[in-house]
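Peer 1: Got a structure for you, questions after.
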Protein chains: 2
Amino acid sequence: MKMGEAGRTIYLAIIGLGGRGCGQMKTLLQMPDVKVRVVCDVYQDRIENAQTIAEEMQGFKPDGDTDYKRVVARGDIDACVVMTSWTTHIAICIAAMKAGKRVAMEVGGAGSVEECWRMVRTSEETGIPCMLLENCCYNSREMALLNMVRQGVFGEVTHCQGGYEHDLRDEIGWGDVRRHYRQDNFLNRNGELYPTHELGPIAKYLNINRGNRMVSLVSMASKSAGLKEWFKNNRPGDEVTNKPVHEGDVVTTLIKCANGETIVLTHDCTTPRPYSRGGRIQGSKGIWMEDNQSIYLEGGLSDAMDENSAPIEPHTWVSEESYLKKYQHPLWKEYEEFGLRGGHGGMDYLVLRAFVESVQNGTNPPIDVYDAASWLSITALSEMSIATGSAPVAIPDFTDGEWIHRHGEADGRYALD
Amino acid sequence: MKMGEAGRTIYLAIIGLGGRGCGQMKTLLQMPDVKVRVVCDVYQDRIENAQTIAEEMQGFKPDGDTDYKRVVARGDIDACVVMTSWTTHIAICIAAMKAGKRVAMEVGGAGSVEECWRMVRTSEETGIPCMLLENCCYNSREMALLNMVRQGVFGEVTHCQGGYEHDLRDEIGWGDVRRHYRQDNFLNRNGELYPTHELGPIAKYLNINRGNRMVSLVSMASKSAGLKEWFKNNRPGDEVTNKPVHEGDVVTTLIKCANGETIVLTHDCTTPRPYSRGGRIQGSKGIWMEDNQSIYLEGGLSDAMDENSAPIEPHTWVSEESYLKKYQHPLWKEYEEFGLRGGHGGMDYLVLRAFVESVQNGTNPPIDVYDAASWLSITALSEMSIATGSAPVAIPDFTDGEWIHRHGEADGRYALD
């Protein structure tokens with residue numbers, strides 16, 4: 001089957017209709033084999049807005065409902081897509097699986113480890129898969145790097161880094177005006193609030209839950225200064241400006257893996273800075289680093305360079321560009337021929353399509369319930385570590401020991417294994 | 001007094017005459033007011049080599065001795081300079097202070113916390129200061145950044161990073177052939193072995209031991225792969241190749257400060273990579289990052305740019321160059337007029353000169369015994385954290401509470417406060 005070729009038509013419920021929910025719904029409705037049967041949000045105006053958009057795109061108006069429990073129970077939907085606030089994803093995901101519906105959820109971070117376990121057990125007991133829509137796993141650069149790791153370009157991988165380093169002060173600071181839950185999280189929690197954009201790709205590089213697993217972590221938070229200063233400058237008279245901000249400006253998390261690799265995560269959303277996912281891969285043969293868009297490999301890889309490139313000097317960075325081109329992932333070759341679409345440089349389309357095809361084909365999604373549980377749990381675990389003075393915290397093995405022999409169960413072009 | 005103008009002549013003992021010891025002796029002997037009275041090493045051939053060098057430069061041959069205890073007790077020296085292997089610096093420093101001699105020591109990392117305490121108590125009881133020769137504190141870039149931090153350019157500083165990211169596999173791997181102690185450390189220890197090149201400048205930015213202090217740390221080590229692979233490729237038949245390597249390829253350390261700042265240190269010496277000290281400074285008004293040689297400040301700093309620079313776009317990196325120029329430290333302005341000399345881009349001369357003038361003037365050195373103890377102790381503390389599964393470890397307050405009100409006691413052009 002060629003990429004983009006229509007499969008069996010599936011009918012979706014979209015739950016959560018803020019900016020992100022509507023955006024992802026639009027991308028889904030660009031697929032000829034996807035229809036939206038019902039849209040759901042706690043705010044009526046958002047429902048009406050989404051109904052209008054969907055009607056224009058698919059030719060009929062989906063139902064609207066403010067109660068997700070009624071929505072997941074409907075007999076006329078194949079699957080649910082959850083795009084609500086961070087701390088509600090898992091509960092709605094569980095409700096959908098209990099109602100027998102496949103479900104995909106937008107990223108975030110778990111509020112407790114227990115809800116991650118409940119999600120895993122619900123999936124196991126019902127036999128219904130769920131998928132985390134970690135779009136960054138499908139980004140062009142991350143997929144080329146996955147390809148490089150798989151081909152041994154970095155040798156034995158020992159260490160990875162990543163971050164969500166995104167100045168979101170305007171977004172967070174105006175929060176309550178825009179019905180935005182981020183502000184609640186930043187005012188009240190202190191932890192690695194949003195780990196998956198960087199951890200998702202890294203977990204795939206390191207075969208987490210498929211021959212490897214994350215064993216323990218420690219987290220440390222700096223003081224809060226950026227958001228407080230923002231409130232003083234932008235909302236001087238407002239009540240929120242006098243509230244304490246609990247989330248540290250920079251939260252750093254160290255994760256140890258069963259096979260000995262370390263992962264460093266940086267959460268950095270409340271100081272002025274350019275965007276970065278702060279990626280880094282190190283192994284016995286070399287290093288890639290996102291922040292200077294460079295790579296360094298020991299010897300022998302001049303074949304990756306085009307004829308106009310300068311020769312590789314010892315201990316001198318080389319632009320990542322020719323390597324990313326040489327090791328472009330097969331999925332991206334196909335995707336470029338098909339034509340990029342959807343948000344965030346095309347990766348949103350790919351992650352949604354991976355979900356849609358897993359629903360159509362009844363296959364295990366490439367980012368499954370064990371990935372979702374272990375990645376999302378990092379938020380709750382990092383809060384525990386920070387709350388206890390950076391004490392080491394064990395990361396649960398959500399596979400009950402199966403990680404040792406588990407292999408990628410997803411097949412087809414969207415597999416990340 | 002103009003920079004470089006000769007003061008009272010001082011007579012030194014140089015203890016430790018490997019490559020670094022001889023190099024630093026040469027830089028010292030370029031100063032007209034410094035003479036070397038005695039050179040000391042456990043190897044006789046090194047002594048003879050150093051005597052020849054010194055005689056050529058100063059016109060008379062210094063004595064040679066293999067016993068540092070005899071050397072520090074001599075009545076004809078003003079001060080000692082310790083350039084021995086990492087784990088012997090502190091013991092020799094203590095012996096010198098007990099013999100009433102001012103002493104400066106090359107950097108490294110402590111073998112135990114107790115020896116750091118002994119160094120502090122010896123200095124307090126004898127009234128003799130000692131200085132850590134952390135040359136990176138005097139590098140042009142780090143001094144410009146210190147100037148920027150002091151002028152509030154980054155706002156309230158919340159987070160700093162640094163690393164010793166230096167591919168030393170050739171140096172470490174050939175170790176025993178070259179009488180080199182590094183190999184012992186990498187085969188047998190597992191920790192942040194060499195923290196001060198990055199931590200020194202960061203400690204100065206954050207006023208450590210002068211209104212702030214480091215309170216606790218956690219460390220995590222990746223597995224070892226780079227050095228093992230190097231041994232297999234370069235010394236296939238040798239005994240050392242079958243030995244286990246205990247030092248992880250990448251060791252990450254998180255430090256919390258009393259005033260709420262966090263510091264991340266990376267020790268990364270056994271995988272192929274270009275050199276970096278991985279610097280980063282973040283505050284409520286912006287960020288500087290070494291690896292992309294860039295800076296980002298919120299608004300208002302276009303005055304730092306020259307007329308040919310592109311305008312500053314929101315959330316877009318700007319080259320650090322014009323900022324480093326604008327905020328060049330006064331010491332470096334003077335130094336450029338005087339003329340750079342000595343190794344490592346000129347910073348070796350400055351740190352040695354800071355020591356020489358503190359001896360001549362009887363002043364407290366700018367990197368004093370409390371700095372030395374707290375910076376060097378990070379090595380032993382990180383080993384403790386790694387040994388106990390990344391448990392948090394309290395960092396001793398070597399000032400006994402005096403840090404709260406202590407201010408810079410060094411004066412003159414070499415002050416780092």
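Chains: A, B, ... in order of the structure tokens. Residues: from 1 per chain. Ligands: from 1, in order shown.
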I'd like to know which residues of stretch 80-264 of chain B are helix (DSSP H, G or I) (by DSSP, run on the backbone); could you write them as a ChimeraX atom specification?

Peer 2: /B:86-98,113-126,135-138,140-150,169-173,175-178,182-188,196-205,226-234,239-242

Peer 1: Only residues of chain A matter here; which ones have an atom within 8 Å of chain B, counting only C-alpha atoms? Give them as an NGL selection string.

Peer 2: :A and (156 or 158-159 or 218 or 220-226 or 229 or 249-250 or 252 or 254 or 256 or 259-262 or 271-275 or 282-287 or 291-292 or 296-298 or 314-317 or 389-392)

Peer 1: Please measure the separation of atom CA of B:Phe355 and atom CA of B:Leu12, giving the value in Å to one decimal.

Peer 2: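 Going from atom CA of B:Phe355 over to atom CA of B:Leu12 covers 11.5 Å.
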
Peer 1: For stretch 2-11 of chain B, list every protein, DNA or RNA residue within 7 Å, evaluated using only C-alpha atoms, and leave out those in the same chain fewer than 3 positions away; present the list as a ChimeraX atom specification.

Peer 2: /B:32-37,77-79,338,360

Peer 1: Of the candidates B:Glu402, B:Pro62, B:Val153, B:Leu28, which one gets nearest to B:Ala354 if we count only C-alpha atoms?

Peer 2: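 Going through B:Glu402, B:Pro62, B:Val153, B:Leu28 one by one, the smallest distance to B:Ala354 is for B:Leu28.
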
Peer 1: If we count only C-alpha atoms and set the cut-off at 9 Å, which residues sit around B:Met57, ignoring sequence neighbours fewer than 2 positions away in its own chain? Please answer as a list in words.

Peer 2: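 Residues near the query, excluding close chain neighbours: Lys26, Leu29, Gln30, Thr52, Ile53, Ala54, Glu55, Gly59 and Phe60 of chain B.
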
Peer 1: Using Å and a single decimal, report how far atom CA of A:Gly173 sits from atom CA of A:Leu187.

Peer 2: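 About the pair atom CA of A:Leu187 and atom CA of A:Gly173: they are 9.8 Å apart.
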
Peer 1: Counting only C-alpha atoms, which residue out of A:Val71, A:Val81, A:Ala104, A:Cys269 sits closest to A:Phe186?

Peer 2: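 Closest residue, counting only C-alpha atoms: A:Cys269.
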
Peer 1: Any idea what the distance is between atom CA of B:Arg280 and atom CA of B:Ala373?

Peer 2: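 Interatomic distance here is 23.6 Å.
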
Peer 1: Can you list, as a PyMOL selection string, every residue of stretch 36-149 of chain A that DSSP puts in strand (DSSP E)?

Peer 2: chain A and resi 36-40+63-65+79-82+102-105+130-132

Peer 1: Using only C-alpha atoms, please write the residues we just selected to a file, as a PDB file, in the first residue's frame.

Peer 2:
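Saved result, result34.pdb, follows:
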```pdb
ATOM      1  CA  VAL A  36     -15.000  12.784  13.007  1.00  0.00           C
ATOM      2  CA  ARG A  37     -18.287  11.568  14.473  1.00  0.00           C
ATOM      3  CA  VAL A  38     -18.272  13.530  17.705  1.00  0.00           C
ATOM      4  CA  VAL A  39     -16.348  16.387  19.280  1.00  0.00           C
ATOM      5  CA  CYS A  40     -16.103  16.886  23.035  1.00  0.00           C
ATOM      6  CA  ASP A  63     -22.176  15.641  17.268  1.00  0.00           C
ATOM      7  CA  GLY A  64     -21.059  17.730  20.211  1.00  0.00           C
ATOM      8  CA  ASP A  65     -20.916  16.602  23.833  1.00  0.00           C
ATOM      9  CA  ALA A  79     -11.407   5.246  18.337  1.00  0.00           C
ATOM     10  CA  CYS A  80     -10.859   8.321  20.495  1.00  0.00           C
ATOM     11  CA  VAL A  81      -8.224  11.033  20.258  1.00  0.00           C
ATOM     12  CA  VAL A  82      -7.571  12.820  23.561  1.00  0.00           C
ATOM     13  CA  ARG A 102      -8.758   2.294  20.902  1.00  0.00           C
ATOM     14  CA  VAL A 103      -7.387   5.613  21.997  1.00  0.00           C
ATOM     15  CA  ALA A 104      -4.548   7.997  21.272  1.00  0.00           C
ATOM     16  CA  MET A 105      -3.550  10.807  23.584  1.00  0.00           C
ATOM     17  CA  CYS A 130      -3.533   2.881  23.440  1.00  0.00           C
ATOM     18  CA  MET A 131      -0.971   5.150  21.830  1.00  0.00           C
ATOM     19  CA  LEU A 132       0.898   8.232  22.977  1.00  0.00           C
TER      20      LEU A 132
END
```

Peer 1: Which residue out of A:His405, A:Arg213, A:Lys204, A:Lys243 has the minimum interatomic distance to A:Glu134 when only C-alpha atoms are used?

Peer 2: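 The shortest atom-to-atom distance to A:Glu134 comes from A:Lys204.
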
Peer 1: Skip A:Leu133 itself and residues of its chain fewer than 4 positions away, then list as a PDB file with N, CA and C atoms, in the first residue's frame all residues within 9 Å of it, counting only C-alpha atoms.

Peer 2:
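To be explicit, this is the file written out as out.pdb:
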```
ATOM      1  N   ALA A 104      -5.854   7.334  21.361  1.00  0.00           N
ATOM      2  CA  ALA A 104      -4.548   7.997  21.272  1.00  0.00           C
ATOM      3  C   ALA A 104      -4.617   9.254  22.113  1.00  0.00           C
ATOM      4  N   MET A 105      -3.513   9.592  22.759  1.00  0.00           N
ATOM      5  CA  MET A 105      -3.550  10.807  23.584  1.00  0.00           C
ATOM      6  C   MET A 105      -2.352  11.699  23.303  1.00  0.00           C
ATOM      7  N   GLU A 106      -2.619  12.982  23.400  1.00  0.00           N
ATOM      8  CA  GLU A 106      -1.572  13.998  23.282  1.00  0.00           C
ATOM      9  C   GLU A 106      -0.620  13.836  24.456  1.00  0.00           C
ATOM     10  N   VAL A 107       0.595  14.374  24.323  1.00  0.00           N
ATOM     11  CA  VAL A 107       1.612  14.214  25.362  1.00  0.00           C
ATOM     12  C   VAL A 107       1.348  15.121  26.564  1.00  0.00           C
ATOM     13  N   CYS A 137       8.963  11.811  17.896  1.00  0.00           N
ATOM     14  CA  CYS A 137       9.528  10.532  17.446  1.00  0.00           C
ATOM     15  C   CYS A 137       9.502  10.428  15.930  1.00  0.00           C
ATOM     16  N   ASP A 348       3.439  15.905  12.854  1.00  0.00           N
ATOM     17  CA  ASP A 348       2.097  15.659  13.395  1.00  0.00           C
ATOM     18  C   ASP A 348       1.318  14.674  12.519  1.00  0.00           C
ATOM     19  N   VAL A 351       2.583  10.981  13.043  1.00  0.00           N
ATOM     20  CA  VAL A 351       2.212  10.299  14.291  1.00  0.00           C
ATOM     21  C   VAL A 351       0.709   9.981  14.295  1.00  0.00           C
ATOM     22  N   LEU A 352      -0.084  10.895  13.734  1.00  0.00           N
ATOM     23  CA  LEU A 352      -1.530  10.631  13.666  1.00  0.00           C
ATOM     24  C   LEU A 352      -1.824   9.488  12.691  1.00  0.00           C
ATOM     25  N   PHE A 355      -1.242   6.172  14.178  1.00  0.00           N
ATOM     26  CA  PHE A 355      -2.382   5.742  14.992  1.00  0.00           C
ATOM     27  C   PHE A 355      -3.534   5.246  14.122  1.00  0.00           C
ATOM     28  N   ILE A 367       4.016   3.442  19.536  1.00  0.00           N
ATOM     29  CA  ILE A 367       4.284   4.000  20.874  1.00  0.00           C
ATOM     30  C   ILE A 367       3.162   3.489  21.753  1.00  0.00           C
TER      31      ILE A 367
END
```

Peer 1: Would you mind listing what lies within 12 Å of A:Asp417 as number ranges by chain, with only C-alpha atoms counted and same-chain residues fewer than 6 positions away left out?

Peer 2: A: 137, 143, 146-147, 149-150, 201-211, 365-368, 406-411

Peer 1: Store the residues picked out above in a file with N, CA and C atoms, as a PDB file, in the first residue's frame.

Peer 2:
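Saved result, again_8.pdb, follows:
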```
ATOM      1  N   CYS A 137       8.963  11.811  17.896  1.00  0.00           N
ATOM      2  CA  CYS A 137       9.528  10.532  17.446  1.00  0.00           C
ATOM      3  C   CYS A 137       9.502  10.428  15.930  1.00  0.00           C
ATOM      4  N   MET A 143      14.295  10.846  13.334  1.00  0.00           N
ATOM      5  CA  MET A 143      14.212   9.548  12.643  1.00  0.00           C
ATOM      6  C   MET A 143      15.528   9.210  11.934  1.00  0.00           C
ATOM      7  N   LEU A 146      17.698   7.983  14.701  1.00  0.00           N
ATOM      8  CA  LEU A 146      17.317   6.602  15.049  1.00  0.00           C
ATOM      9  C   LEU A 146      17.961   5.621  14.078  1.00  0.00           C
ATOM     10  N   ASN A 147      17.909   5.973  12.822  1.00  0.00           N
ATOM     11  CA  ASN A 147      18.524   5.168  11.765  1.00  0.00           C
ATOM     12  C   ASN A 147      20.038   5.029  11.989  1.00  0.00           C
ATOM     13  N   VAL A 149      21.670   5.389  14.894  1.00  0.00           N
ATOM     14  CA  VAL A 149      21.904   4.555  16.089  1.00  0.00           C
ATOM     15  C   VAL A 149      21.761   3.081  15.721  1.00  0.00           C
ATOM     16  N   ARG A 150      20.705   2.740  14.973  1.00  0.00           N
ATOM     17  CA  ARG A 150      20.466   1.346  14.596  1.00  0.00           C
ATOM     18  C   ARG A 150      21.595   0.786  13.731  1.00  0.00           C
ATOM     19  N   PRO A 201      12.006  10.168  21.605  1.00  0.00           N
ATOM     20  CA  PRO A 201      13.041   9.732  20.652  1.00  0.00           C
ATOM     21  C   PRO A 201      14.206   9.019  21.335  1.00  0.00           C
ATOM     22  N   ILE A 202      14.652   9.523  22.484  1.00  0.00           N
ATOM     23  CA  ILE A 202      15.777   8.889  23.187  1.00  0.00           C
ATOM     24  C   ILE A 202      15.411   7.469  23.598  1.00  0.00           C
ATOM     25  N   ALA A 203      14.199   7.296  24.105  1.00  0.00           N
ATOM     26  CA  ALA A 203      13.762   5.953  24.522  1.00  0.00           C
ATOM     27  C   ALA A 203      13.788   4.991  23.340  1.00  0.00           C
ATOM     28  N   LYS A 204      13.474   5.510  22.165  1.00  0.00           N
ATOM     29  CA  LYS A 204      13.533   4.649  20.969  1.00  0.00           C
ATOM     30  C   LYS A 204      14.986   4.337  20.600  1.00  0.00           C
ATOM     31  N   TYR A 205      15.874   5.344  20.676  1.00  0.00           N
ATOM     32  CA  TYR A 205      17.301   5.068  20.402  1.00  0.00           C
ATOM     33  C   TYR A 205      17.807   3.953  21.320  1.00  0.00           C
ATOM     34  N   LEU A 206      17.372   3.991  22.588  1.00  0.00           N
ATOM     35  CA  LEU A 206      17.938   3.098  23.618  1.00  0.00           C
ATOM     36  C   LEU A 206      17.121   1.820  23.828  1.00  0.00           C
ATOM     37  N   ASN A 207      16.133   1.565  22.981  1.00  0.00           N
ATOM     38  CA  ASN A 207      15.346   0.324  23.063  1.00  0.00           C
ATOM     39  C   ASN A 207      14.621   0.159  24.393  1.00  0.00           C
ATOM     40  N   ILE A 208      14.182   1.277  24.964  1.00  0.00           N
ATOM     41  CA  ILE A 208      13.478   1.205  26.247  1.00  0.00           C
ATOM     42  C   ILE A 208      12.190   0.387  26.092  1.00  0.00           C
ATOM     43  N   ASN A 209      11.967  -0.514  27.010  1.00  0.00           N
ATOM     44  CA  ASN A 209      10.840  -1.470  27.036  1.00  0.00           C
ATOM     45  C   ASN A 209      10.962  -2.560  25.974  1.00  0.00           C
ATOM     46  N   ARG A 210      12.069  -2.607  25.274  1.00  0.00           N
ATOM     47  CA  ARG A 210      12.331  -3.636  24.257  1.00  0.00           C
ATOM     48  C   ARG A 210      13.800  -4.039  24.345  1.00  0.00           C
ATOM     49  N   GLY A 211      14.174  -4.674  25.448  1.00  0.00           N
ATOM     50  CA  GLY A 211      15.564  -5.062  25.648  1.00  0.00           C
ATOM     51  C   GLY A 211      16.325  -4.154  26.603  1.00  0.00           C
ATOM     52  N   PRO A 365       0.169  -0.248  18.340  1.00  0.00           N
ATOM     53  CA  PRO A 365       0.744   1.032  17.888  1.00  0.00           C
ATOM     54  C   PRO A 365       2.231   1.114  18.222  1.00  0.00           C
ATOM     55  N   PRO A 366       2.999   1.883  17.453  1.00  0.00           N
ATOM     56  CA  PRO A 366       4.454   1.956  17.642  1.00  0.00           C
ATOM     57  C   PRO A 366       4.874   2.620  18.955  1.00  0.00           C
ATOM     58  N   ILE A 367       4.016   3.442  19.536  1.00  0.00           N
ATOM     59  CA  ILE A 367       4.284   4.000  20.874  1.00  0.00           C
ATOM     60  C   ILE A 367       3.162   3.489  21.753  1.00  0.00           C
ATOM     61  N   ASP A 368       3.437   2.411  22.484  1.00  0.00           N
ATOM     62  CA  ASP A 368       2.338   1.658  23.099  1.00  0.00           C
ATOM     63  C   ASP A 368       2.132   2.004  24.567  1.00  0.00           C
ATOM     64  N   ARG A 406      11.070  -8.544  25.184  1.00  0.00           N
ATOM     65  CA  ARG A 406      10.137  -7.884  24.264  1.00  0.00           C
ATOM     66  C   ARG A 406      10.880  -7.333  23.055  1.00  0.00           C
ATOM     67  N   HIS A 407      10.279  -7.444  21.878  1.00  0.00           N
ATOM     68  CA  HIS A 407      10.832  -6.777  20.718  1.00  0.00           C
ATOM     69  C   HIS A 407       9.738  -5.894  20.159  1.00  0.00           C
ATOM     70  N   GLY A 408      10.088  -5.106  19.202  1.00  0.00           N
ATOM     71  CA  GLY A 408       9.096  -4.235  18.600  1.00  0.00           C
ATOM     72  C   GLY A 408       7.939  -5.056  18.082  1.00  0.00           C
ATOM     73  N   GLU A 409       6.743  -4.687  18.494  1.00  0.00           N
ATOM     74  CA  GLU A 409       5.582  -5.441  18.025  1.00  0.00           C
ATOM     75  C   GLU A 409       4.825  -4.681  16.946  1.00  0.00           C
ATOM     76  N   ALA A 410       5.217  -3.418  16.793  1.00  0.00           N
ATOM     77  CA  ALA A 410       4.578  -2.649  15.726  1.00  0.00           C
ATOM     78  C   ALA A 410       5.229  -3.060  14.412  1.00  0.00           C
ATOM     79  N   ASP A 411       4.445  -3.154  13.364  1.00  0.00           N
ATOM     80  CA  ASP A 411       5.061  -3.427  12.078  1.00  0.00           C
ATOM     81  C   ASP A 411       4.683  -2.336  11.091  1.00  0.00           C
TER      82      ASP A 411
END
```

Peer 1: Find the residues around B:Ala91 up to 12 Å (only C-alpha atoms counted), leave out those fewer than 3 positions away in its own chain, and share them as a list in words.

Peer 2: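 Close residues of B:Ala91: Tyr68, Lys69, Val72, Val82, Thr84, Ser85, Trp86, Thr87, Thr88, Ile94, Ala95, Ala96, Met97, Lys98, Val103, Met105, Ala110, Gly111, Ser112, Glu114, Glu115, Cys116, Trp117, Arg118, Met119, Val120 and Thr122 of chain B.
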